[in-house]
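Heads up: the structure comes next, in structure tokens.
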Amino acid sequence: MLGLLDRFRKKEKKIEVETKKTITELEQLCGDDKETYEALLNTMFLDPRKPGTSMKEAADNAKKYEKAKDFVKARMWYEIAGGLAIYEGNVKKVVEFFSEIEKISPDTKYTILKNPEKAVAKAQEYYKQYLESKP
């Protein structure tokens, strides 16, 4: 009976596929500095020209929603403001906006706050290198 079942079973073939990890421009720029890469990975805009709002408008919206106790929208707007502050190279505002998110969402931690000067400097290097060459 086992021989009969074997005829109908498909033989599995193991196929080894060589996977090649693509390194992003940001990873390449940060190199071995994993902490700075992690700090920028979820906070900076790769192309900050796309949000279509200014840092001040985003911060004003965040404060408005925070005052209205809509912390989800407030957090979203603070993240936009923080990302734009990174783009503008404004370390003080980066600290202000991401600290505000941690205050209204205590379970959220931003590694960019560990060394914001270094992260913003690396982001500025990224923008100079990659945005100037793109329209």
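Numbering starts fresh at 1 for the residues of each chain in the structure tokens, the chains themselves are lettered A, B, ... in the order given, and ligands are numbered from 1 as they appear.
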*Can you list, as a PyMOL selection string, every protein, DNA or RNA residue that comes within 7 Å of Ala81 in chain A when you count only C-alpha atoms, leaving out same-chain residues fewer than 3 positions away?*
chain A and resi 55+58-59+77-78+84-85+97
*Could you give me the residues within range 47-107 of chain A that DSSP places in alpha helix (DSSP H), as a VMD selection string?*
chain A and resid 55 to 67 71 to 88 91 to 104
*asked:* I want to know what sits within 10 Å of Glu117 in chain A, based on only C-alpha atoms, with residues of the same chain fewer than 6 positions away left out; could you give that as number ranges by chain?
replied: A: 86, 89-92, 94-95, 123
Can I get the selection written as a tab-separated table (two decimals), in the first residue's frame, with N, CA and C atoms?
```tsv
chain	number	residue	atom	x	y	z
A	86	ILE	N	14.60	67.02	10.75
A	86	ILE	CA	15.82	66.30	10.36
A	86	ILE	C	16.32	66.85	9.03
A	89	GLY	N	17.91	70.10	9.33
A	89	GLY	CA	19.11	70.09	10.17
A	89	GLY	C	18.91	70.75	11.51
A	90	ASN	N	17.67	70.84	11.97
A	90	ASN	CA	17.35	71.53	13.21
A	90	ASN	C	17.28	70.52	14.37
A	91	VAL	N	18.42	70.29	15.01
A	91	VAL	CA	18.54	69.30	16.08
A	91	VAL	C	17.60	69.62	17.24
A	92	LYS	N	17.50	70.90	17.58
A	92	LYS	CA	16.65	71.31	18.70
A	92	LYS	C	15.19	70.89	18.45
A	94	VAL	N	14.18	68.53	16.33
A	94	VAL	CA	14.13	67.06	16.29
A	94	VAL	C	13.90	66.53	17.70
A	95	VAL	N	14.69	67.02	18.64
A	95	VAL	CA	14.56	66.59	20.04
A	95	VAL	C	13.18	66.96	20.57
A	123	ALA	N	22.05	62.44	8.34
A	123	ALA	CA	20.92	62.69	7.44
A	123	ALA	C	21.26	63.82	6.48
```
*May I have the residues within 9 Å of range 31-38 of chain A as JSON, numbers by chain, using only C-alpha atoms and disregarding those fewer than 6 positions away in the same chain?*
{"A": [111, 112, 115, 116, 118, 119, 122]}
Could you please take those selected residues and save N, CA and C atoms as a PDB file, in the first residue's frame?
```pdb
ATOM      1  N   THR A 111      15.212  56.072  19.063  1.00  0.00           N
ATOM      2  CA  THR A 111      16.657  56.002  19.275  1.00  0.00           C
ATOM      3  C   THR A 111      17.369  57.265  18.780  1.00  0.00           C
ATOM      4  N   ILE A 112      16.700  58.045  17.963  1.00  0.00           N
ATOM      5  CA  ILE A 112      17.318  59.286  17.485  1.00  0.00           C
ATOM      6  C   ILE A 112      17.594  60.242  18.650  1.00  0.00           C
ATOM      7  N   ASN A 115      21.382  60.266  20.346  1.00  0.00           N
ATOM      8  CA  ASN A 115      22.449  61.091  19.785  1.00  0.00           C
ATOM      9  C   ASN A 115      21.913  61.847  18.568  1.00  0.00           C
ATOM     10  N   PRO A 116      21.042  62.829  18.810  1.00  0.00           N
ATOM     11  CA  PRO A 116      20.393  63.519  17.696  1.00  0.00           C
ATOM     12  C   PRO A 116      21.361  64.297  16.805  1.00  0.00           C
ATOM     13  N   LYS A 118      24.448  63.553  15.916  1.00  0.00           N
ATOM     14  CA  LYS A 118      25.102  62.635  14.995  1.00  0.00           C
ATOM     15  C   LYS A 118      24.123  62.161  13.918  1.00  0.00           C
ATOM     16  N   ALA A 119      22.893  61.834  14.325  1.00  0.00           N
ATOM     17  CA  ALA A 119      21.884  61.354  13.375  1.00  0.00           C
ATOM     18  C   ALA A 119      21.520  62.439  12.363  1.00  0.00           C
ATOM     19  N   LYS A 122      24.320  62.916   9.865  1.00  0.00           N
ATOM     20  CA  LYS A 122      24.347  61.834   8.876  1.00  0.00           C
ATOM     21  C   LYS A 122      23.213  62.013   7.870  1.00  0.00           C
TER      22      LYS A 122
END
```
